[in-house]
file query-v9.cif (mmCIF, C-alpha atoms)
data_protein
#
loop_
_atom_site.label_atom_id
_atom_site.label_comp_id
_atom_site.auth_asym_id
_atom_site.auth_seq_id
_atom_site.Cartn_x
_atom_site.Cartn_y
_atom_site.Cartn_z
CA MET A 1466 -27.40 8.40 32.45
CA GLU A 1467 -25.67 10.83 30.13
CA LEU A 1468 -25.50 11.05 26.34
CA VAL A 1469 -22.44 12.71 24.79
CA ALA A 1470 -21.61 13.67 21.19
CA LEU A 1471 -18.11 14.71 20.13
CA GLN A 1472 -17.76 17.20 17.27
CA LEU A 1473 -14.54 16.80 15.32
CA ASN A 1474 -12.53 18.32 12.49
CA ALA A 1475 -10.83 15.12 11.33
CA GLY A 1476 -8.24 14.79 8.59
CA ALA A 1477 -6.38 12.12 6.66
CA SER A 1478 -3.94 11.24 9.50
CA TRP A 1479 -5.06 8.72 12.12
CA PRO A 1480 -2.38 9.79 14.65
CA ALA A 1481 -3.52 13.42 14.36
CA ASN A 1482 -7.18 12.42 14.68
CA ARG A 1483 -6.33 10.19 17.64
CA ASP A 1484 -4.75 13.13 19.43
CA ARG A 1485 -7.77 15.36 18.73
CA ILE A 1486 -10.17 12.73 20.05
CA THR A 1487 -8.00 12.11 23.11
CA ALA A 1488 -8.10 15.81 23.97
CA LEU A 1489 -11.90 15.87 23.70
CA LEU A 1490 -12.31 12.69 25.76
CA GLU A 1491 -10.39 14.38 28.57
CA ARG A 1492 -13.31 16.81 28.80
CA LEU A 1493 -15.99 14.17 29.38
CA PRO A 1494 -18.38 14.77 32.27
CA PRO A 1495 -17.54 12.68 35.36
CA ARG A 1496 -20.94 10.97 35.56
CA ARG A 1497 -21.28 7.29 34.69
CA PRO A 1498 -22.76 5.45 32.87
CA LEU A 1499 -21.86 7.51 29.83
CA LEU A 1500 -22.74 6.89 26.18
CA VAL A 1501 -20.21 8.68 23.95
CA GLN A 1502 -20.51 8.98 20.18
CA LEU A 1503 -17.79 9.97 17.71
CA PRO A 1504 -18.79 11.31 14.27
CA GLU A 1505 -18.59 9.58 10.93
CA ASN A 1506 -15.02 9.34 9.58
CA ALA A 1507 -13.63 9.95 13.05
CA VAL A 1508 -10.66 7.65 12.42
CA VAL A 1509 -9.75 8.97 8.96
CA PHE A 1510 -11.29 11.64 6.73
CA GLY A 1511 -9.41 11.80 3.45
CA ASN A 1512 -9.04 10.41 -0.05
CA ARG A 1513 -9.21 6.76 -1.09
CA GLU A 1514 -5.51 6.16 -0.46
CA ALA A 1515 -5.65 7.56 3.07
CA VAL A 1516 -8.71 5.50 3.89
CA GLN A 1517 -7.20 2.29 2.49
CA GLU A 1518 -4.04 2.84 4.54
CA VAL A 1519 -5.94 3.01 7.84
CA ALA A 1520 -8.53 0.29 7.10
CA GLU A 1521 -8.39 -2.85 9.27
CA PRO A 1522 -10.07 -6.26 9.28
CA LEU A 1523 -13.00 -6.18 11.64
CA GLY A 1524 -11.82 -7.13 15.12
CA ASP A 1525 -8.11 -6.84 14.44
CA GLY A 1526 -5.73 -3.87 14.32
CA PRO A 1527 -4.11 -1.05 16.30
CA VAL A 1528 -6.90 1.44 15.61
CA GLN A 1529 -9.53 -0.86 17.06
CA ASP A 1530 -7.23 -1.67 19.97
CA CYS A 1531 -7.03 2.06 20.71
CA LEU A 1532 -10.80 2.47 20.54
CA ALA A 1533 -11.35 -0.46 22.90
CA GLN A 1534 -8.73 0.92 25.28
CA TRP A 1535 -10.47 4.31 25.42
CA ALA A 1536 -13.77 2.65 26.33
CA LYS A 1537 -12.19 0.50 29.05
CA GLN A 1538 -9.93 3.13 30.58
CA LEU A 1539 -12.67 5.76 30.70
CA GLY A 1540 -15.42 3.33 31.69
CA ILE A 1541 -17.72 4.47 28.88
CA TRP A 1542 -19.86 3.03 26.15
CA LEU A 1543 -18.16 4.28 22.98
CA VAL A 1544 -19.87 4.46 19.59
CA VAL A 1545 -17.32 5.06 16.84
CA GLY A 1546 -19.35 6.81 14.14
CA SER A 1547 -17.44 5.12 11.37
CA MET A 1548 -14.08 3.69 10.46
CA PRO A 1549 -13.04 1.75 7.32
CA THR A 1550 -12.99 -2.03 7.71
CA ARG A 1551 -11.70 -4.52 5.18
CA ILE A 1552 -13.83 -7.02 3.26
CA GLU A 1553 -12.28 -10.39 2.54
CA HIS A 1554 -11.49 -10.95 -1.15
CA SER A 1555 -12.47 -7.40 -2.11
CA ASP A 1556 -10.59 -4.17 -2.77
CA LYS A 1557 -13.54 -2.23 -1.37
CA LEU A 1558 -14.25 -1.50 2.28
CA HIS A 1559 -17.15 -1.14 4.67
CA ALA A 1560 -17.86 2.12 6.48
CA SER A 1561 -18.44 0.57 9.90
CA CYS A 1562 -19.98 1.92 13.08
CA LEU A 1563 -18.48 0.08 16.06
CA VAL A 1564 -19.89 -0.07 19.60
CA PHE A 1565 -17.67 -0.84 22.60
CA ASN A 1566 -18.95 -1.37 26.13
CA GLU A 1567 -17.27 -0.07 29.30
CA GLN A 1568 -15.10 -3.20 29.44
CA GLY A 1569 -13.63 -2.38 26.04
CA GLU A 1570 -15.49 -5.24 24.34
CA ARG A 1571 -16.93 -4.70 20.87
CA VAL A 1572 -20.62 -5.52 21.24
CA ALA A 1573 -21.95 -4.38 17.86
CA CYS A 1574 -20.93 -3.46 14.33
CA TYR A 1575 -23.06 -1.84 11.64
CA HIS A 1576 -21.96 -1.41 8.02
CA LYS A 1577 -23.38 1.72 6.37
CA LEU A 1578 -26.37 0.80 4.20
CA HIS A 1579 -26.73 3.89 2.00
CA LEU A 1580 -23.68 5.27 0.19
CA PHE A 1581 -23.39 8.98 -0.63
CA ASP A 1582 -23.09 9.11 -4.44
CA VAL A 1583 -24.24 12.69 -4.92
CA ASP A 1584 -23.19 15.93 -6.66
CA VAL A 1585 -23.19 18.92 -4.29
CA ALA A 1586 -22.67 22.59 -5.10
CA ASP A 1587 -19.64 23.03 -2.85
CA GLY A 1588 -15.85 23.05 -3.09
CA HIS A 1589 -15.65 19.28 -3.43
CA GLY A 1590 -18.51 18.90 -5.85
CA ARG A 1591 -18.62 15.18 -6.62
CA TYR A 1592 -19.09 12.57 -3.91
CA ARG A 1593 -18.87 8.87 -4.79
CA GLU A 1594 -18.58 6.70 -1.70
CA SER A 1595 -19.25 3.62 -3.80
CA ALA A 1596 -15.82 4.03 -5.43
CA THR A 1597 -14.25 3.05 -2.09
CA PHE A 1598 -17.00 1.38 -0.06
CA MET A 1599 -19.47 -1.44 -0.38
CA PRO A 1600 -22.89 -1.05 1.29
CA GLY A 1601 -23.89 -3.21 4.20
CA ASN A 1602 -27.05 -5.29 4.17
CA GLU A 1603 -28.12 -5.71 7.80
CA LEU A 1604 -29.80 -3.60 10.46
CA CYS A 1605 -28.26 -3.37 13.92
CA VAL A 1606 -29.98 -2.72 17.24
CA VAL A 1607 -27.97 -3.42 20.37
CA ASP A 1608 -28.89 -3.60 24.07
CA SER A 1609 -27.11 -1.20 26.40
CA PRO A 1610 -27.59 0.27 29.89
CA PHE A 1611 -29.16 3.29 28.15
CA GLY A 1612 -31.78 1.31 26.23
CA ARG A 1613 -31.64 -0.26 22.79
CA LEU A 1614 -29.36 1.59 20.37
CA GLY A 1615 -30.37 1.73 16.70
CA LEU A 1616 -27.29 2.25 14.53
CA SER A 1617 -27.03 4.31 11.36
CA ILE A 1618 -24.50 6.54 9.58
CA CYS A 1619 -24.96 9.96 7.93
CA TYR A 1620 -26.67 9.53 4.52
CA ASP A 1621 -28.89 6.85 6.08
CA LEU A 1622 -30.73 9.77 7.66
CA ARG A 1623 -32.61 10.41 4.40
CA PHE A 1624 -34.24 6.98 4.42
CA PRO A 1625 -37.03 6.98 7.04
CA GLU A 1626 -37.90 3.33 6.44
CA LEU A 1627 -34.57 2.37 8.02
CA TYR A 1628 -35.44 4.16 11.25
CA ARG A 1629 -38.94 2.72 11.35
CA ALA A 1630 -37.35 -0.72 11.08
CA LEU A 1631 -34.97 0.14 13.93
CA ARG A 1632 -37.92 1.30 16.03
CA ASP A 1633 -39.77 -1.91 15.20
CA GLN A 1634 -36.77 -3.77 16.60
CA GLY A 1635 -37.07 -1.86 19.86
CA ALA A 1636 -34.69 1.07 19.39
CA ASP A 1637 -34.85 3.74 22.11
CA ILE A 1638 -31.91 5.87 20.91
CA LEU A 1639 -31.17 6.47 17.23
CA MET A 1640 -27.45 6.89 16.59
CA VAL A 1641 -26.70 9.22 13.66
CA PRO A 1642 -22.96 9.98 13.44
CA ALA A 1643 -22.37 12.13 10.38
CA ALA A 1644 -20.19 14.23 8.12
CA PHE A 1645 -22.96 16.22 6.45
CA THR A 1646 -21.74 18.71 3.87
CA ARG A 1647 -22.16 22.37 4.71
CA VAL A 1648 -24.62 22.83 1.83
CA THR A 1649 -26.86 19.87 2.62
CA GLY A 1650 -26.49 20.34 6.36
CA LYS A 1651 -27.70 23.93 6.28
CA ALA A 1652 -30.76 22.88 4.30
CA HIS A 1653 -31.76 19.55 5.81
CA TRP A 1654 -29.76 18.41 8.88
CA LEU A 1655 -32.04 19.70 11.64
CA PRO A 1656 -35.43 18.93 10.03
CA LEU A 1657 -34.37 15.40 9.10
CA LEU A 1658 -33.08 14.65 12.59
CA GLN A 1659 -36.21 16.09 14.20
CA ALA A 1660 -38.41 14.06 11.86
CA ARG A 1661 -36.61 10.82 12.79
CA ALA A 1662 -36.98 11.63 16.50
CA ILE A 1663 -40.66 12.56 16.24
CA GLU A 1664 -41.70 9.74 13.88
CA ASN A 1665 -40.08 7.05 15.96
CA GLN A 1666 -40.38 8.62 19.43
CA CYS A 1667 -36.70 8.03 20.13
CA TYR A 1668 -33.80 10.03 21.45
CA VAL A 1669 -31.44 10.99 18.63
CA LEU A 1670 -27.69 11.30 19.20
CA ALA A 1671 -25.94 12.93 16.24
CA ALA A 1672 -22.20 13.64 16.44
CA ALA A 1673 -20.89 15.56 13.42
CA GLN A 1674 -17.76 16.56 11.57
CA VAL A 1675 -17.20 20.32 11.32
CA GLY A 1676 -15.18 22.81 9.28
CA GLU A 1677 -12.74 22.61 6.37
CA HIS A 1678 -11.20 19.33 5.25
CA ALA A 1679 -8.81 18.19 2.55
CA GLY A 1680 -10.05 18.15 -1.03
CA GLY A 1681 -12.36 21.11 -0.59
CA ARG A 1682 -14.75 19.30 1.73
CA GLN A 1683 -16.75 21.45 4.13
CA THR A 1684 -18.86 19.92 6.88
CA TRP A 1685 -21.78 21.48 8.71
CA GLY A 1686 -21.17 20.64 12.38
CA HIS A 1687 -24.24 21.32 14.54
CA SER A 1688 -23.95 18.12 16.58
CA LEU A 1689 -27.30 17.53 18.24
CA ILE A 1690 -29.09 15.61 20.94
CA LEU A 1691 -32.87 15.47 20.52
CA ASP A 1692 -35.50 14.02 22.81
CA PRO A 1693 -38.40 11.76 21.67
CA TRP A 1694 -40.65 14.82 21.14
CA GLY A 1695 -38.10 16.31 18.75
CA GLU A 1696 -37.01 18.99 21.19
CA MET A 1697 -33.35 20.00 21.23
CA CYS A 1698 -31.49 18.98 24.38
CA ALA A 1699 -28.06 20.22 23.22
CA CYS A 1700 -26.37 21.60 20.10
CA LEU A 1701 -22.84 22.64 19.11
CA PRO A 1702 -23.08 24.76 15.94
CA GLU A 1703 -19.38 25.30 15.23
CA GLY A 1704 -15.89 24.24 16.28
CA GLU A 1705 -14.58 21.11 17.93
CA GLY A 1706 -16.01 20.19 21.29
CA LEU A 1707 -18.65 18.07 22.95
CA ILE A 1708 -22.25 18.30 24.05
CA SER A 1709 -24.11 16.24 26.62
CA ALA A 1710 -27.64 15.70 27.88
CA SER A 1711 -29.28 13.46 30.44
CA LEU A 1712 -31.35 10.50 29.27
CA ASP A 1713 -34.85 10.74 30.76
CA GLN A 1714 -36.54 7.34 30.63
CA HIS A 1715 -39.75 8.83 32.04
CA ARG A 1716 -39.83 11.30 29.13
CA LEU A 1717 -39.40 8.47 26.63
CA ASP A 1718 -42.14 6.36 28.21
CA SER A 1719 -44.49 9.33 28.53
CA VAL A 1720 -44.25 10.39 24.89
CA ARG A 1721 -44.87 6.83 23.68
CA ARG A 1722 -47.75 6.27 26.07
CA GLN A 1723 -49.56 9.53 25.26
CA MET A 1724 -49.26 9.08 21.48
CA PRO A 1725 -48.82 5.36 20.73
CA VAL A 1726 -47.96 5.70 17.04
CA ALA A 1727 -46.11 2.37 16.94
CA GLN A 1728 -49.31 0.57 17.86
CA HIS A 1729 -51.41 2.68 15.50
CA ALA A 1730 -49.25 2.16 12.38
CA ARG A 1731 -51.37 0.26 9.81
CA LEU A 1732 -49.52 0.46 6.49
CA ARG A 1733 -47.90 -2.95 6.79
CA ALA A 1734 -51.24 -4.48 7.72
CA VAL A 1735 -52.84 -2.88 4.65
CA TRP A 1736 -50.12 -4.26 2.38
CA ARG A 1737 -50.45 -7.68 3.99
CA ASP A 1738 -54.22 -7.69 3.44
CA LYS A 1739 -53.75 -6.93 -0.27
CA GLU A 1740 -51.30 -9.79 -0.85
#
call {"tool": "encode", "arguments": {"input": "query-v9.cif", "output": "structure tokens"}}
result
Amino acid sequence: MELVALQLNAGASWPANRDRITALLERLPPRRPLLVQLPENAVVFGNREAVQEVAEPLGDGPVQDCLAQWAKQLGIWLVVGSMPTRIEHSDKLHASCLVFNEQGERVACYHKLHLFDVDVADGHGRYRESATFMPGNELCVVDSPFGRLGLSICYDLRFPELYRALRDQGADILMVPAAFTRVTGKAHWLPLLQARAIENQCYVLAAAQVGEHAGGRQTWGHSLILDPWGEMCACLPEGEGLISASLDQHRLDSVRRQMPVAQHARLRAVWRDKE
């Protein structure tokens, strides 16, 4: 079983992004089953107007039809890092991670929990996702041929309690599609991803945006695949492309058996005893 992360330099045009993704999907390894992850903002990466134009109701629209078709035609499990989906009776959107199986069926959807409202010392400066998006309020772990997938998006990475909850729900692979800024990525991307892998003894699949984008945005790239010991299986520092690594179930079982931290965790029991 193979894990694949696509690194992308997306822009504000869905047709242009579609063509870039299509070209990368043509380079997929021939092995199946294949779990393929696109980065955050893979469908559209632009200002509020561009995002609103592409947004679709969940389960309905030409963008989602295209995503489902890719999964079915290529016979892959496809995790779309994020795309904007509409919320009924609201002018705000969800940033949604969608999972399609090899039949092209959507089997899971996760709405980003933590919104990036941060000032960064880069060309863009001020980031306010909450001006366009509304946070989700549910965790999502989904069964797959590769194990249980725990879904998250980008800024979620800074909240370890989310990943512990995903692990508690049986996650084997933590999905972290992202568009980390160049400034924050250089400082924190690798150590945060390694911490999530080590703490939860999970594989981590992290597809990233890379390069220069409209509005002065600069993303870090460095798409990664980490094993449950936190060791790097594959990395793409710069440029568009893809990385892949084999999923080793024996490695996963061995790490968890030799250091059973999930069974040893006592904090919740301590809190419960004090109530």
call {"tool": "resolve_selection", "arguments": {"input": "query-v9.cif", "expression": "the PyMOL selection byres ((chain A and resi 1579) around 9)", "output": "list in words"}}
result
Lys1577, Leu1578, Leu1580, Phe1581, Pro1600, Gly1601, Ile1618, Cys1619, Tyr1620, Asp1621 and Phe1624 of chain A
call {"tool": "write_last_selection", "arguments": {"input": "query-v9.cif", "atoms": "C-alpha atoms", "output": "PDB file, in the coordinates of the input"}}
result
ATOM      1  CA  LYS A1577     -23.380   1.720   6.370  1.00  0.00           C
ATOM      2  CA  LEU A1578     -26.370   0.800   4.200  1.00  0.00           C
ATOM      3  CA  LEU A1580     -23.680   5.270   0.190  1.00  0.00           C
ATOM      4  CA  PHE A1581     -23.390   8.980  -0.630  1.00  0.00           C
ATOM      5  CA  PRO A1600     -22.890  -1.050   1.290  1.00  0.00           C
ATOM      6  CA  GLY A1601     -23.890  -3.210   4.200  1.00  0.00           C
ATOM      7  CA  ILE A1618     -24.500   6.540   9.580  1.00  0.00           C
ATOM      8  CA  CYS A1619     -24.960   9.960   7.930  1.00  0.00           C
ATOM      9  CA  TYR A1620     -26.670   9.530   4.520  1.00  0.00           C
ATOM     10  CA  ASP A1621     -28.890   6.850   6.080  1.00  0.00           C
ATOM     11  CA  PHE A1624     -34.240   6.980   4.420  1.00  0.00           C
TER      12      PHE A1624
END
call {"tool": "residues_around", "arguments": {"input": "query-v9.cif", "residues": "A:Val1583", "least_positions_apart": "2", "cutoff": "8 Å", "atoms": "all atoms listed in the file", "output": "list in words"}}
result
Phe1581, Val1585, Arg1591, Tyr1592 and Arg1593 of chain A
call {"tool": "atom_distance", "arguments": {"input": "query-v9.cif", "atom1": "atom CA of A:Arg1647", "atom2": "atom CA of A:Gln1659"}}
result
18.1 Å
call {"tool": "resolve_selection", "arguments": {"input": "query-v9.cif", "expression": "the PyMOL selection byres ((chain A and resi 1495-1501) around 7)", "output": "JSON, numbers by chain"}}
result
{"A": [1466, 1467, 1468, 1469, 1470, 1493, 1494, 1502, 1503, 1541, 1542, 1543, 1544]}
call {"tool": "closest_residue", "arguments": {"input": "query-v9.cif", "among": "A:Pro1549, A:Gly1615, A:Gly1590, A:Pro1480", "to": "A:Gly1681", "atoms": "only C-alpha atoms"}}
result
A:Gly1590
call {"tool": "resolve_selection", "arguments": {"input": "query-v9.cif", "expression": "the PyMOL selection byres ((chain A and resi 1631-1637) around 6)", "output": "VMD selection string"}}
result
chain A and resid 1612 to 1615 1628 to 1630 1638 1667
call {"tool": "axis_aligned_box", "arguments": {"input": "query-v9.cif", "around": "stretch 1598-1605 of chain A", "padding_each_side": "5 Å", "output": "AutoDock Vina command-line options"}}
result
--center_x -23.4 --center_y -2.2 --center_z 6.8 --size_x 22.8 --size_y 17.1 --size_z 24.3
call {"tool": "residues_around", "arguments": {"input": "query-v9.cif", "residues": "A:His1576", "least_positions_apart": "5", "cutoff": "10 Å", "atoms": "only C-alpha atoms", "output": "compact mmCIF listing (two decimals) with C-alpha atoms, in the coordinates of the input"}}
result
# COMPACT_ATOMS: atom_id res chain seq x y z
CA SER A 1547 -17.44 5.12 11.37
CA MET A 1548 -14.08 3.69 10.46
CA PRO A 1549 -13.04 1.75 7.32
CA THR A 1550 -12.99 -2.03 7.71
CA LEU A 1558 -14.25 -1.50 2.28
CA HIS A 1559 -17.15 -1.14 4.67
CA ALA A 1560 -17.86 2.12 6.48
CA SER A 1561 -18.44 0.57 9.90
CA CYS A 1562 -19.98 1.92 13.08
CA LEU A 1563 -18.48 0.08 16.06
CA PHE A 1598 -17.00 1.38 -0.06
CA MET A 1599 -19.47 -1.44 -0.38
CA PRO A 1600 -22.89 -1.05 1.29
CA GLY A 1601 -23.89 -3.21 4.20
CA ASN A 1602 -27.05 -5.29 4.17
CA GLU A 1603 -28.12 -5.71 7.80
CA LEU A 1604 -29.80 -3.60 10.46
CA CYS A 1605 -28.26 -3.37 13.92
CA LEU A 1616 -27.29 2.25 14.53
CA SER A 1617 -27.03 4.31 11.36
CA ILE A 1618 -24.50 6.54 9.58
call {"tool": "closest_residue", "arguments": {"input": "query-v9.cif", "among": "A:Gln1728, A:Ser1688, A:Ser1595, A:Asn1512", "to": "A:Met1640", "atoms": "all atoms listed in the file"}}
result
A:Ser1688
call {"tool": "atom_distance", "arguments": {"input": "query-v9.cif", "atom1": "atom CA of A:Glu1664", "atom2": "atom CA of A:Asp1738"}}
result
23.9 Å
call {"tool": "atom_distance", "arguments": {"input": "query-v9.cif", "atom1": "atom CA of A:Arg1513", "atom2": "atom CA of A:Pro1527"}}
result
19.7 Å
call {"tool": "closest_residue", "arguments": {"input": "query-v9.cif", "among": "A:Ile1552, A:Val1641, A:Ala1573, A:Leu1539", "to": "A:Gln1517", "atoms": "only C-alpha atoms"}}
result
A:Ile1552
call {"tool": "residues_around", "arguments": {"input": "query-v9.cif", "residues": "A:Arg1721", "least_positions_apart": "5", "cutoff": "12 Å", "atoms": "all atoms listed in the file", "output": "JSON, numbers by chain"}}
result
{"A": [1632, 1637, 1662, 1663, 1664, 1665, 1666, 1667, 1668, 1692, 1693, 1694, 1714, 1715, 1716, 1726, 1727, 1728, 1729]}
call {"tool": "closest_residue", "arguments": {"input": "query-v9.cif", "among": "A:Asp1713, A:Glu1696, A:Glu1553, A:Glu1705", "to": "A:Leu1490", "atoms": "all atoms listed in the file"}}
result
A:Glu1705
call {"tool": "residues_near_point", "arguments": {"input": "query-v9.cif", "point": "(-32.0, 20.2, 25.3)", "cutoff": "9 Å", "atoms": "all atoms listed in the file", "output": "VMD selection string"}}
result
chain A and resid 1689 to 1692 1696 to 1700 1709 to 1711
call {"tool": "write_last_selection", "arguments": {"input": "query-v9.cif", "atoms": "C-alpha atoms", "output": "mmCIF file, keeping the file's coordinate frame"}}
result
data_model
loop_
_atom_site.group_PDB
_atom_site.id
_atom_site.type_symbol
_atom_site.label_atom_id
_atom_site.label_comp_id
_atom_site.auth_asym_id
_atom_site.auth_seq_id
_atom_site.Cartn_x
_atom_site.Cartn_y
_atom_site.Cartn_z
ATOM 1 C CA LEU A 1689 -27.300 17.530 18.240
ATOM 2 C CA ILE A 1690 -29.090 15.610 20.940
ATOM 3 C CA LEU A 1691 -32.870 15.470 20.520
ATOM 4 C CA ASP A 1692 -35.500 14.020 22.810
ATOM 5 C CA GLU A 1696 -37.010 18.990 21.190
ATOM 6 C CA MET A 1697 -33.350 20.000 21.230
ATOM 7 C CA CYS A 1698 -31.490 18.980 24.380
ATOM 8 C CA ALA A 1699 -28.060 20.220 23.220
ATOM 9 C CA CYS A 1700 -26.370 21.600 20.100
ATOM 10 C CA SER A 1709 -24.110 16.240 26.620
ATOM 11 C CA ALA A 1710 -27.640 15.700 27.880
ATOM 12 C CA SER A 1711 -29.280 13.460 30.440
#
call {"tool": "residues_around", "arguments": {"input": "query-v9.cif", "residues": "A:Arg1682", "least_positions_apart": "2", "cutoff": "10 Å", "atoms": "only C-alpha atoms", "output": "list of chain:residue names"}}
result
A:Phe1510, A:Gly1511, A:Asp1587, A:Gly1588, A:His1589, A:Gly1590, A:Tyr1592, A:Ala1644, A:Phe1645, A:Thr1646, A:Arg1647, A:Val1675, A:Gly1676, A:Glu1677, A:His1678, A:Ala1679, A:Gly1680, A:Thr1684
call {"tool": "closest_residue", "arguments": {"input": "query-v9.cif", "among": "A:Glu1514, A:Asp1484, A:Asp1584, A:Asp1608", "to": "A:Val1572", "atoms": "all atoms listed in the file"}}
result
A:Asp1608
